[in-house]
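Note: the block below is work_37.tsv and it holds TSV, C-alpha atoms.
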```
chain	number	residue	atom	x	y	z
A	188	MET	CA	5.68	43.63	13.94
A	189	LYS	CA	8.51	45.10	11.95
A	190	LEU	CA	8.66	44.58	8.24
A	191	ASN	CA	11.24	45.58	5.67
A	192	GLU	CA	8.84	48.18	4.37
A	193	ARG	CA	11.21	49.78	1.96
A	194	SER	CA	11.75	46.45	0.25
A	195	LEU	CA	8.03	45.89	0.14
A	196	ALA	CA	7.43	49.28	-1.35
A	197	PHE	CA	10.16	48.62	-3.87
A	198	TYR	CA	8.60	45.33	-4.85
A	199	ALA	CA	5.24	47.04	-5.23
A	200	THR	CA	6.48	49.84	-7.44
A	201	CYS	CA	9.33	48.33	-9.43
A	202	ASP	CA	8.69	47.42	-13.01
A	203	SER	CA	8.52	43.68	-12.52
A	204	PRO	CA	5.31	42.50	-14.15
A	205	ALA	CA	2.15	42.59	-12.07
A	206	ASP	CA	-0.21	39.65	-12.13
A	207	ASN	CA	-3.19	41.95	-12.09
A	208	SER	CA	-3.86	45.64	-11.54
A	209	GLY	CA	-6.77	48.02	-11.64
A	210	PHE	CA	-9.09	50.20	-9.63
A	211	LEU	CA	-11.18	48.55	-6.95
A	212	TYR	CA	-13.36	49.90	-4.21
A	213	LYS	CA	-12.25	48.90	-0.79
A	214	ARG	CA	-14.59	48.99	2.13
A	215	GLY	CA	-13.21	50.71	5.19
A	216	GLU	CA	-12.45	48.81	8.34
A	217	ARG	CA	-14.57	50.76	10.76
A	218	HIS	CA	-16.81	52.76	8.51
A	219	THR	CA	-18.59	51.00	5.73
A	220	ALA	CA	-17.79	53.62	3.12
A	221	TYR	CA	-15.90	52.41	0.08
A	222	HIS	CA	-12.70	54.04	-1.08
A	223	ARG	CA	-11.44	53.79	-4.60
A	224	ARG	CA	-7.87	52.54	-4.66
A	225	TRP	CA	-5.37	51.40	-7.26
A	226	PHE	CA	-4.60	47.74	-6.66
A	227	VAL	CA	-1.53	45.85	-7.83
A	228	LEU	CA	-1.16	42.09	-7.44
A	229	LYS	CA	2.38	40.77	-7.49
A	230	GLY	CA	2.96	37.19	-6.49
A	231	ASN	CA	1.17	36.65	-3.20
A	232	MET	CA	1.04	40.34	-2.29
A	233	LEU	CA	-1.88	42.58	-3.02
A	234	PHE	CA	-0.74	46.19	-2.76
A	235	TYR	CA	-3.04	49.16	-2.87
A	236	PHE	CA	-2.27	52.76	-3.60
A	237	GLU	CA	-4.20	55.95	-3.11
A	238	GLU	CA	-3.70	56.90	-6.74
A	239	ARG	CA	-2.43	55.04	-9.75
A	240	ASP	CA	0.75	57.09	-9.79
A	241	SER	CA	1.37	57.15	-6.04
A	242	ARG	CA	4.97	56.42	-5.24
A	243	GLU	CA	4.26	54.21	-2.28
A	244	PRO	CA	1.50	51.78	-1.45
A	245	VAL	CA	-0.92	52.67	1.29
A	246	GLY	CA	-1.17	49.06	2.34
A	247	VAL	CA	-0.68	45.44	1.42
A	248	ILE	CA	-2.62	42.25	1.92
A	249	VAL	CA	-0.59	39.05	2.06
A	250	LEU	CA	-2.59	36.40	0.29
A	251	GLU	CA	-1.70	33.26	2.18
A	252	GLY	CA	-4.27	31.03	3.76
A	253	CYS	CA	-7.21	33.09	2.58
A	254	ASN	CA	-10.48	32.41	0.80
A	255	VAL	CA	-11.82	34.61	-1.93
A	256	GLU	CA	-15.59	34.67	-2.14
A	257	LEU	CA	-18.26	36.55	-3.96
A	258	CYS	CA	-20.59	38.53	-1.80
A	259	ASP	CA	-23.83	40.27	-2.43
A	260	SER	CA	-23.43	43.83	-1.42
A	261	THR	CA	-25.23	47.00	-2.27
A	262	GLU	CA	-22.10	48.06	-4.11
A	263	GLY	CA	-22.41	45.31	-6.70
A	264	PHE	CA	-19.54	43.30	-8.19
A	265	ALA	CA	-18.29	42.80	-4.66
A	266	PHE	CA	-16.06	40.03	-3.35
A	267	ALA	CA	-14.28	39.32	-0.12
A	268	ILE	CA	-10.88	38.11	0.95
A	269	ARG	CA	-11.42	36.15	4.12
A	270	PHE	CA	-8.79	34.85	6.50
A	271	GLY	CA	-9.17	32.20	9.15
A	272	GLY	CA	-8.63	33.11	12.76
A	273	THR	CA	-10.82	35.20	14.99
A	274	LYS	CA	-8.61	38.26	14.97
A	275	SER	CA	-8.34	38.42	11.22
A	276	ARG	CA	-10.03	41.03	9.19
A	277	THR	CA	-12.13	40.35	6.09
A	278	TYR	CA	-11.40	42.63	3.18
A	279	VAL	CA	-14.39	43.57	1.09
A	280	LEU	CA	-13.62	44.83	-2.37
A	281	ALA	CA	-15.79	45.82	-5.29
A	282	ALA	CA	-14.94	45.96	-8.96
A	283	GLU	CA	-16.37	48.26	-11.57
A	284	SER	CA	-17.71	45.56	-13.84
A	285	GLN	CA	-18.63	41.89	-13.89
A	286	ALA	CA	-15.62	41.07	-16.03
A	287	ALA	CA	-13.24	42.91	-13.72
A	288	MET	CA	-14.70	41.16	-10.70
A	289	GLU	CA	-14.31	37.73	-12.27
A	290	SER	CA	-10.76	38.48	-13.33
A	291	TRP	CA	-9.82	39.61	-9.85
A	292	VAL	CA	-11.47	36.71	-8.06
A	293	LYS	CA	-9.71	34.31	-10.37
A	294	SER	CA	-6.26	35.82	-9.98
A	295	LEU	CA	-6.57	36.36	-6.23
A	296	SER	CA	-7.66	32.82	-5.53
A	297	ARG	CA	-4.57	31.50	-7.26
A	298	ALA	CA	-2.17	34.05	-5.89
A	299	SER	CA	-0.86	32.22	-2.89
A	300	PHE	CA	2.64	30.90	-2.65
A	301	ASP	CA	1.17	27.64	-1.42
A	302	TYR	CA	-0.89	27.24	-4.55
A	303	MET	CA	2.10	27.98	-6.75
A	304	ARG	CA	4.20	25.50	-4.83
A	305	LEU	CA	1.53	22.85	-5.24
A	306	VAL	CA	1.45	23.28	-8.99
A	307	VAL	CA	5.25	23.27	-9.20
A	308	ARG	CA	5.46	20.07	-7.16
A	309	GLU	CA	2.87	18.47	-9.36
A	310	LEU	CA	4.81	19.36	-12.50
A	311	GLU	CA	8.06	18.21	-10.91
A	312	LYS	CA	6.46	14.88	-10.20
A	313	GLN	CA	5.19	14.58	-13.76
A	314	LEU	CA	8.62	15.36	-15.14
A	315	GLN	CA	10.25	12.88	-12.81
A	316	GLU	CA	7.83	10.16	-13.84
A	317	MET	CA	8.35	10.90	-17.48
A	318	SER	CA	12.11	10.77	-17.32
A	319	ARG	CA	12.01	7.52	-15.40
A	320	GLY	CA	9.69	6.03	-17.98
A	321	LEU	CA	12.09	6.69	-20.84
A	322	PRO	CA	13.66	3.85	-22.83
A	323	GLY	CA	16.91	2.77	-21.19
A	324	GLY	CA	19.25	3.54	-24.03
A	325	CYS	CA	19.37	6.77	-25.93
A	326	ALA	CA	20.30	7.07	-29.56
A	327	GLY	CA	23.42	9.12	-29.09
A	328	SER	CA	26.62	7.16	-29.03
A	329	ARG	CA	28.07	9.30	-26.36
A	330	GLU	CA	25.81	9.64	-23.42
A	331	PRO	CA	27.31	12.00	-20.91
A	332	PRO	CA	26.60	11.16	-17.31
A	333	GLY	CA	24.21	13.48	-15.65
A	334	PRO	CA	21.54	13.41	-13.04
A	335	TRP	CA	18.79	13.07	-15.66
A	336	LYS	CA	20.25	10.22	-17.58
A	337	PRO	CA	17.87	7.27	-17.44
A	338	LYS	CA	19.85	4.39	-15.99
A	339	PRO	CA	18.53	0.94	-16.84
A	340	SER	CA	19.15	-0.49	-13.42
A	341	GLY	CA	20.06	2.61	-11.58
A	342	PRO	CA	18.47	3.92	-8.45
A	343	GLU	CA	15.37	6.01	-8.55
A	344	GLN	CA	15.92	9.64	-9.27
A	345	SER	CA	16.60	11.17	-5.95
A	346	ARG	CA	14.42	14.13	-5.24
A	347	GLU	CA	17.42	16.10	-4.16
A	348	ARG	CA	18.55	16.45	-7.75
A	349	LEU	CA	15.43	18.19	-8.86
A	350	PRO	CA	15.71	21.37	-6.86
A	351	ALA	CA	18.86	22.18	-8.77
A	352	LEU	CA	16.94	22.21	-12.03
A	353	PRO	CA	15.08	25.48	-11.59
A	354	ALA	CA	18.30	27.44	-11.31
A	355	VAL	CA	17.66	28.48	-14.86
A	356	LEU	CA	16.46	31.56	-16.44
A	357	PRO	CA	14.27	32.17	-19.40
A	358	LYS	CA	15.94	35.25	-20.75
A	359	GLU	CA	12.64	36.93	-21.35
A	360	ASN	CA	11.87	37.22	-17.67
A	361	GLY	CA	12.55	40.78	-16.69
A	362	CYS	CA	12.88	39.90	-13.03
A	363	ALA	CA	15.92	37.81	-13.67
A	364	VAL	CA	18.61	40.41	-13.43
A	365	TRP	CA	18.80	41.01	-9.74
A	366	ASN	CA	18.15	37.56	-8.36
A	367	ASN	CA	21.38	35.77	-7.65
A	368	MET	CA	20.20	32.79	-9.64
A	369	LEU	CA	21.72	34.46	-12.65
A	370	GLY	CA	25.21	33.49	-11.68
A	371	GLU	CA	24.35	29.91	-10.94
A	372	GLY	CA	22.84	28.46	-14.02
A	373	GLY	CA	21.45	29.10	-17.40
A	374	LEU	CA	19.09	27.39	-19.71
A	375	PRO	CA	20.11	27.74	-23.29
A	376	ASP	CA	17.31	28.71	-25.57
A	377	THR	CA	16.65	25.45	-27.30
A	378	SER	CA	13.35	26.36	-28.84
A	379	GLY	CA	14.79	26.64	-32.29
A	380	CYS	CA	15.74	23.00	-32.49
A	381	GLY	CA	13.71	21.00	-34.93
A	382	GLY	CA	13.14	17.30	-34.80
A	383	HIS	CA	16.08	15.01	-34.53
A	384	ASP	CA	16.85	12.97	-37.56
A	385	GLU	CA	18.03	9.40	-37.85
A	386	GLU	CA	21.72	10.18	-37.91
A	387	SER	CA	23.55	10.77	-34.70
A	388	SER	CA	23.39	14.33	-33.51
A	389	PRO	CA	26.42	16.55	-33.53
A	390	ARG	CA	28.59	16.41	-30.50
A	391	PRO	CA	27.18	18.29	-27.56
A	392	PRO	CA	29.10	21.25	-26.21
A	393	PRO	CA	31.77	20.71	-23.55
A	394	LEU	CA	29.44	20.91	-20.59
A	395	PRO	CA	27.27	17.81	-20.65
A	396	PRO	CA	23.56	18.35	-21.16
A	397	ARG	CA	21.70	17.27	-18.08
A	398	ARG	CA	19.25	15.23	-20.02
A	399	ARG	CA	19.02	13.90	-23.47
A	400	VAL	CA	15.71	12.59	-24.77
A	401	SER	CA	16.09	11.07	-28.15
A	402	ASN	CA	13.64	8.66	-29.70
A	403	GLY	CA	13.27	9.96	-33.18
A	404	GLU	CA	10.64	12.52	-32.34
A	405	ALA	CA	11.05	16.10	-31.30
A	406	ALA	CA	13.48	16.06	-28.44
A	407	SER	CA	14.63	18.54	-25.94
A	408	ALA	CA	18.15	19.06	-24.84
A	409	GLY	CA	18.58	19.40	-21.14
A	410	ALA	CA	20.20	22.28	-19.44
A	411	ALA	CA	23.72	22.11	-18.21
A	412	VAL	CA	24.48	23.64	-14.91
A	413	THR	CA	27.07	26.29	-15.43
A	414	GLU	CA	29.14	27.85	-12.79
A	415	SER	CA	29.46	31.33	-14.17
A	416	PRO	CA	27.82	33.68	-16.63
A	417	SER	CA	30.74	33.50	-19.02
A	418	THR	CA	30.36	29.73	-19.35
A	419	PHE	CA	26.66	30.18	-19.91
A	420	CYS	CA	27.34	32.65	-22.70
A	421	ARG	CA	29.67	30.20	-24.33
A	422	LEU	CA	27.14	27.44	-23.97
A	423	HIS	CA	24.44	29.64	-25.41
A	424	GLU	CA	26.73	30.49	-28.28
A	425	GLN	CA	27.40	26.84	-29.00
A	426	TYR	CA	23.78	25.84	-28.83
A	427	SER	CA	22.80	28.57	-31.23
A	428	ARG	CA	25.46	27.51	-33.70
A	429	GLU	CA	24.31	23.94	-33.40
A	430	VAL	CA	20.71	24.98	-33.88
A	431	ALA	CA	21.56	27.11	-36.89
A	432	ARG	CA	23.41	24.23	-38.46
A	433	LEU	CA	20.62	21.76	-37.80
A	434	ARG	CA	18.11	24.13	-39.32
A	435	GLN	CA	20.27	24.50	-42.36
A	436	ASP	CA	20.63	20.75	-42.74
A	437	TRP	CA	16.94	20.23	-42.32
A	438	GLN	CA	16.03	22.89	-44.80
A	439	GLN	CA	18.44	21.51	-47.36
A	440	ARG	CA	17.03	18.06	-46.89
A	441	ARG	CA	13.55	19.40	-47.49
A	442	ARG	CA	14.54	21.04	-50.70
A	443	GLY	CA	16.48	18.00	-51.85
A	444	PRO	CA	15.08	15.34	-54.20
A	445	ARG	CA	12.59	12.97	-52.58
A	446	PRO	CA	12.55	9.30	-53.57
B	46	LEU	CA	13.41	24.74	13.63
B	47	PRO	CA	17.03	25.67	13.71
B	48	ARG	CA	18.16	28.39	16.03
B	49	VAL	CA	20.21	30.97	14.28
B	50	PRO	CA	22.27	33.08	16.59
B	51	ALA	CA	22.89	36.41	14.93
B	52	VAL	CA	26.10	38.23	15.48
B	53	LEU	CA	24.62	40.41	18.16
B	54	LYS	CA	21.35	38.86	19.14
B	55	LYS	CA	20.12	35.37	19.39
B	56	ARG	CA	16.94	34.86	17.42
B	57	LEU	CA	14.72	32.09	16.30
B	58	VAL	CA	14.29	32.33	12.58
B	59	LYS	CA	11.52	30.79	10.57
B	60	LEU	CA	11.08	30.67	6.83
B	61	VAL	CA	7.44	30.68	5.80
B	62	VAL	CA	6.70	30.97	2.10
B	63	ASN	CA	8.58	34.06	0.97
B	64	PHE	CA	8.93	35.61	4.41
B	65	LEU	CA	11.70	35.19	6.93
B	66	PHE	CA	10.25	35.69	10.40
B	67	TYR	CA	12.42	36.27	13.41
B	68	PHE	CA	11.49	35.81	17.07
B	69	ARG	CA	13.00	36.38	20.44
B	70	THR	CA	13.83	32.90	21.56
B	71	ASP	CA	11.22	32.83	24.28
B	72	GLU	CA	8.35	34.57	22.50
B	73	ALA	CA	5.56	33.20	20.36
B	74	GLU	CA	4.95	36.31	18.27
B	75	PRO	CA	7.60	37.36	15.76
B	76	ILE	CA	9.42	40.62	16.26
B	77	GLY	CA	9.60	41.14	12.55
B	78	ALA	CA	9.77	39.67	9.09
B	79	LEU	CA	11.69	40.14	5.88
B	80	LEU	CA	9.97	39.79	2.54
B	81	LEU	CA	12.31	37.75	0.38
B	82	GLU	CA	11.73	39.22	-3.07
B	83	HIS	CA	14.42	40.98	-5.08
B	84	CYS	CA	17.00	40.05	-2.54
B	85	LYS	CA	20.47	38.60	-2.68
B	86	ILE	CA	21.65	35.82	-0.40
B	87	THR	CA	25.40	35.82	0.10
B	88	LYS	CA	27.54	33.30	1.88
B	89	GLU	CA	29.95	35.30	3.99
B	90	GLU	CA	32.68	33.85	6.19
B	91	GLU	CA	32.33	30.61	8.03
B	92	ASN	CA	28.85	29.95	9.41
B	93	ILE	CA	27.64	33.34	8.25
B	94	PHE	CA	25.33	34.41	5.45
B	95	SER	CA	23.71	37.71	4.67
B	96	ILE	CA	20.59	38.99	2.98
B	97	SER	CA	20.56	42.26	1.12
B	98	PHE	CA	17.92	43.94	-0.98
B	99	ILE	CA	18.18	45.48	-4.38
B	100	GLU	CA	17.08	48.93	-3.36
B	101	GLU	CA	19.61	49.13	-0.54
B	102	PRO	CA	22.48	46.82	-1.48
B	103	GLU	CA	24.93	48.04	1.17
B	104	ARG	CA	22.63	47.15	3.98
B	105	LYS	CA	23.18	43.53	4.95
B	106	TYR	CA	21.16	41.49	7.35
B	107	CYS	CA	23.71	39.06	8.76
B	108	PHE	CA	23.01	35.70	10.25
B	109	GLU	CA	25.42	33.44	12.02
B	110	CYS	CA	24.57	29.78	12.20
B	111	ALA	CA	25.64	27.09	14.63
B	112	THR	CA	27.43	25.07	11.94
B	113	GLU	CA	28.68	25.53	8.40
B	114	GLU	CA	26.33	22.82	7.25
B	115	GLN	CA	23.37	24.64	8.68
B	116	CYS	CA	24.58	27.79	7.00
B	117	GLN	CA	24.66	26.10	3.60
B	118	GLU	CA	21.17	24.72	4.16
B	119	TRP	CA	19.84	28.17	4.91
B	120	VAL	CA	21.56	29.74	1.93
B	121	GLU	CA	20.06	27.12	-0.39
B	122	ALA	CA	16.61	27.41	1.14
B	123	LEU	CA	16.57	31.19	1.05
B	124	LYS	CA	17.71	31.36	-2.55
B	125	ARG	CA	14.66	29.35	-3.49
B	126	ALA	CA	12.28	31.14	-1.20
B	127	SER	CA	11.01	33.90	-3.45
B	128	TYR	CA	7.72	33.78	-5.28
B	129	GLU	CA	9.55	34.83	-8.41
B	130	PHE	CA	11.86	31.81	-8.15
B	131	LEU	CA	8.86	29.55	-7.87
B	132	ARG	CA	7.25	31.17	-10.84
B	133	ARG	CA	10.34	30.63	-12.96
B	134	SER	CA	10.48	26.99	-11.91
B	135	LEU	CA	6.90	26.54	-12.92
B	136	ILE	CA	7.47	28.08	-16.32
B	137	PHE	CA	10.55	25.94	-16.80
B	138	TYR	CA	8.78	22.69	-15.91
B	139	ARG	CA	5.81	23.63	-18.00
B	140	ASN	CA	8.03	24.15	-21.01
B	141	GLU	CA	9.93	20.94	-20.46
B	142	ILE	CA	6.79	18.89	-20.17
B	143	GLN	CA	5.28	20.55	-23.17
B	144	LYS	CA	8.38	19.78	-25.21
B	145	MET	CA	8.33	16.17	-24.16
B	146	THR	CA	4.63	15.51	-24.54
B	147	GLY	CA	3.41	18.23	-26.85
B	148	LYS	CA	0.77	19.10	-24.30
B	149	ASP	CA	0.53	21.98	-21.91
B	150	PRO	CA	0.41	20.46	-18.42
B	151	LEU	CA	-1.43	23.47	-17.05
B	152	GLU	CA	-4.44	22.93	-19.25
B	153	GLN	CA	-5.85	20.26	-16.98
B	154	TYR	CA	-5.88	22.78	-14.16
B	155	GLY	CA	-7.54	25.37	-16.31
B	156	ILE	CA	-4.79	27.87	-15.66
B	157	SER	CA	-2.84	27.90	-18.89
B	158	GLU	CA	-3.94	31.41	-19.76
B	159	GLU	CA	-3.09	32.98	-16.43
B	160	ALA	CA	-0.76	35.93	-16.78
B	161	ARG	CA	1.48	34.76	-13.97
B	162	PHE	CA	2.39	31.54	-15.82
B	163	GLN	CA	3.35	33.08	-19.11
B	164	LEU	CA	6.87	33.19	-20.32
B	165	GLY	CA	8.00	36.67	-21.10
B	166	ALA	CA	7.23	39.96	-19.50
B	167	HIS	CA	3.63	40.93	-19.38
B	168	ARG	CA	3.84	44.61	-18.66
B	169	GLN	CA	0.69	46.46	-17.88
```

Structure encoded using structure tokens:
Amino acid sequence: MKLNERSLAFYATCDSPADNSGFLYKRGERHTAYHRRWFVLKGNMLFYFEERDSREPVGVIVLEGCNVELCDSTEGFAFAIRFGGTKSRTYVLAAESQAAMESWVKSLSRASFDYMRLVVRELEKQLQEMSRGLPGGCAGSREPPGPWKPKPSGPEQSRERLPALPAVLPKENGCAVWNNMLGEGGLPDTSGCGGHDEESSPRPPPLPPRRRVSNGEAASAGAAVTESPSTFCRLHEQYSREVARLRQDWQQRRRGPRP
Amino acid sequence: LPRVPAVLKKRLVKLVVNFLFYFRTDEAEPIGALLLEHCKITKEEENIFSISFIEEPERKYCFECATEEQCQEWVEALKRASYEFLRRSLIFYRNEIQKMTGKDPLEQYGISEEARFQLGAHRQ
């Protein structure tokens, strides 16, 4: 079966962060001798190289639908990646220490796309339930319409809205640059925002926040979907000014005389 | 599963996790697969979209769909098909929930310390 091998090799060797890496012994398919290989786990792909600095992987194991088990082997610290199906091969690997073995077994058993998707769906559901459970009215006098706005008698949040949410990008993620998500949306860095105070918040920037949670406690501003990077930059700019101002206000209030 | 006639050859195309498999229409085993990481999905002219990869941006894998609607569906699905996209979604949701509740939703699964769920590059 053909595969876009160059793309695979690129994925294996590019500097996107690996989820685990290290030397492991791999038992041969026909002969039971173990070969020491450099392993790199990225997403649901376990690549292995002849040497740590090899330019191309020797092989890859796609970690979908597999079980990772410990095995007792003369090699010690051994574990196996087992696939269902009669024609499938079992990969026997051995680490160089107990700690390394445990770390690998843990990361490999959670490496599948399916597992990731399960967790994401679970979190999506939690978020959905939380936003539906919010008090009907929000403190702000101007509540811009948006898919996340809790409507008192409105219809249930349609699931279709949610998939649009992840088109955001924590700026720290080094993988972001190439993926075409960059042009589609941006999440302003709202981490600097302190708690909301009693007074009404300053006007939001031109593009309406998708969601506004305001009940006197620490709140989070939702992300606006932007159509282009330049709008996102502007939005980011505005949020940071707003945050800076809020911080200033808050700090002044702290220093001010207390009754 | 939708049939996606390519410009030259008619193929059955199937998206499974972050792989796009393609089959001859009468065969059970795929001819090949494309790993959908570090790729760019572009809507081309009517009914047509293309996939290209970062290390070879000029090379486009073109797909022609039966309808424009189908084409849009594929473009949307493929843009979300990468593991990296899923990871970013997870991190985003995790942050949102944590902001709203003050608790890390991954703790109950015992996976809050996993490298793959951390925000920020974890170079090794």

Per residue of chain B within 8 Å of chain A, what are the shortest atom pair and its distance in Å to one decimal, counting all atoms listed in the file, with rows by chain and residue number, as a tab-separated table?
```
residue	atom	partner	partner_atom	distance
B:Val62	CA	A:Phe300	CA	6.2
B:Asn63	CA	A:Phe300	CA	7.6
B:Pro75	CA	A:Met188	CA	6.8
B:Ile76	CA	A:Met188	CA	5.3
B:Gly77	CA	A:Lys189	CA	4.2
B:Ala78	CA	A:Leu190	CA	5.1
B:Leu79	CA	A:Asn191	CA	5.5
B:Leu80	CA	A:Asn191	CA	6.7
B:Glu82	CA	A:Tyr198	CA	7.1
B:His83	CA	A:Asn366	CA	6.0
B:Cys84	CA	A:Asn366	CA	6.4
B:Lys85	CA	A:Asn367	CA	5.8
B:Ile86	CA	A:Asn367	CA	7.3
B:Phe98	CA	A:Ser194	CA	6.8
B:Ile99	CA	A:Trp365	CA	7.0
B:Glu100	CA	A:Ser194	CA	6.9
B:Lys124	CA	A:Met368	CA	7.6
B:Tyr128	CA	A:Gly230	CA	6.0
B:Glu129	CA	A:Gly230	CA	7.3
B:Phe130	CA	A:Pro353	CA	7.9
B:Leu131	CA	A:Arg304	CA	6.9
B:Arg132	CA	A:Met303	CA	7.3
B:Arg133	CA	A:Leu356	CA	7.1
B:Ser134	CA	A:Pro353	CA	4.9
B:Leu135	CA	A:Val307	CA	5.2
B:Phe137	CA	A:Pro353	CA	6.9
B:Tyr138	CA	A:Leu310	CA	6.2
B:Arg139	CA	A:Leu310	CA	7.0
B:Glu141	CA	A:Ser407	CA	7.6
B:Ile142	CA	A:Leu314	CA	6.4
B:Lys144	CA	A:Ser407	CA	6.4
B:Met145	CA	A:Ala406	CA	6.7
B:Pro150	CA	A:Leu310	CA	7.5
B:Glu159	CA	A:Ser294	CA	7.7
B:Ala160	CA	A:Asp206	CA	6.0
B:Arg161	CA	A:Asp206	CA	5.5
B:Leu164	CA	A:Asn360	CA	6.9
B:Gly165	CA	A:Glu359	CA	4.7
B:Ala166	CA	A:Asn360	CA	5.7
B:His167	CA	A:Pro204	CA	5.7
B:Arg168	CA	A:Pro204	CA	5.2
B:Gln169	CA	A:Ala205	CA	7.1
```

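Our summary of the geometry notes that CA of Leu233 (chain A) is positioned 19.4 Å from CA of Phe66 (chain B).
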
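In this model, the gap between CA of Phe68 (chain B) and CA of Phe108 (chain B) comes to 13.4 Å.
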
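Interatomic distance, CA of Thr87 (chain B) against CA of Val120 (chain B): 7.4 Å.
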
Using only C-alpha atoms, which residues sit within 10 Å of Gly271 (chain A) once same-chain residues fewer than 3 positions away are excluded, as a ChimeraX atom specification?
/A:252-254,274-277

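In terms of minimum interatomic distance to Glu89 (chain B), B:Cys116 ranks closest within B:Glu72, B:Gln143, B:Cys116, B:Phe64, counting all atoms listed in the file.
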
Of the listed residues A:Gln435, A:Gln425, A:Ser241, A:Ser284, that which approaches Phe266 (chain A) most closely, counting only C-alpha atoms
A:Ser284

Just region 136-154 of chain B, please, as a CSV table (one decimal), in the first residue's frame (only N, CA and C atoms).
```csv
chain,number,residue,atom,x,y,z
B,136,ILE,N,-6.5,21.1,24.4
B,136,ILE,CA,-5.8,22.1,25.2
B,136,ILE,C,-6.7,23.3,25.4
B,137,PHE,N,-7.4,23.7,24.3
B,137,PHE,CA,-8.3,24.8,24.4
B,137,PHE,C,-9.5,24.5,25.4
B,138,TYR,N,-10.1,23.4,25.2
B,138,TYR,CA,-11.2,23.1,26.1
B,138,TYR,C,-10.8,22.9,27.5
B,139,ARG,N,-9.6,22.3,27.7
B,139,ARG,CA,-9.1,22.2,29.1
B,139,ARG,C,-9.0,23.5,29.7
B,140,ASN,N,-8.4,24.5,29.0
B,140,ASN,CA,-8.2,25.8,29.5
B,140,ASN,C,-9.5,26.5,29.8
B,141,GLU,N,-10.5,26.4,28.9
B,141,GLU,CA,-11.8,27.0,29.1
B,141,GLU,C,-12.4,26.5,30.4
B,142,ILE,N,-12.4,25.2,30.5
B,142,ILE,CA,-13.1,24.6,31.7
B,142,ILE,C,-12.4,25.0,32.9
B,143,GLN,N,-11.1,25.0,32.9
B,143,GLN,CA,-10.3,25.4,34.1
B,143,GLN,C,-10.6,26.8,34.5
B,144,LYS,N,-10.8,27.7,33.5
B,144,LYS,CA,-11.1,29.1,33.8
B,144,LYS,C,-12.5,29.2,34.4
B,145,MET,N,-13.4,28.4,33.9
B,145,MET,CA,-14.8,28.5,34.4
B,145,MET,C,-14.9,27.8,35.8
B,146,THR,N,-14.2,26.7,36.0
B,146,THR,CA,-14.5,26.0,37.2
B,146,THR,C,-13.3,26.1,38.2
B,147,GLY,N,-12.2,26.5,37.7
B,147,GLY,CA,-11.0,26.5,38.6
B,147,GLY,C,-10.4,25.1,38.8
B,148,LYS,N,-10.9,24.2,38.1
B,148,LYS,CA,-10.4,22.8,38.2
B,148,LYS,C,-9.9,22.3,36.9
B,149,ASP,N,-8.9,21.5,36.9
B,149,ASP,CA,-8.4,20.9,35.7
B,149,ASP,C,-9.2,19.7,35.3
B,150,PRO,N,-9.9,19.7,34.2
B,150,PRO,CA,-10.8,18.6,33.9
B,150,PRO,C,-10.1,17.3,33.6
B,151,LEU,N,-8.8,17.4,33.4
B,151,LEU,CA,-8.0,16.2,33.0
B,151,LEU,C,-7.6,15.4,34.3
B,152,GLU,N,-7.7,16.1,35.4
B,152,GLU,CA,-7.2,15.4,36.6
B,152,GLU,C,-8.0,14.1,36.9
B,153,GLN,N,-9.3,14.1,36.7
B,153,GLN,CA,-10.1,13.0,37.0
B,153,GLN,C,-9.7,11.8,36.1
B,154,TYR,N,-9.0,12.0,35.0
B,154,TYR,CA,-8.6,11.0,34.1
B,154,TYR,C,-7.2,10.6,34.5
```
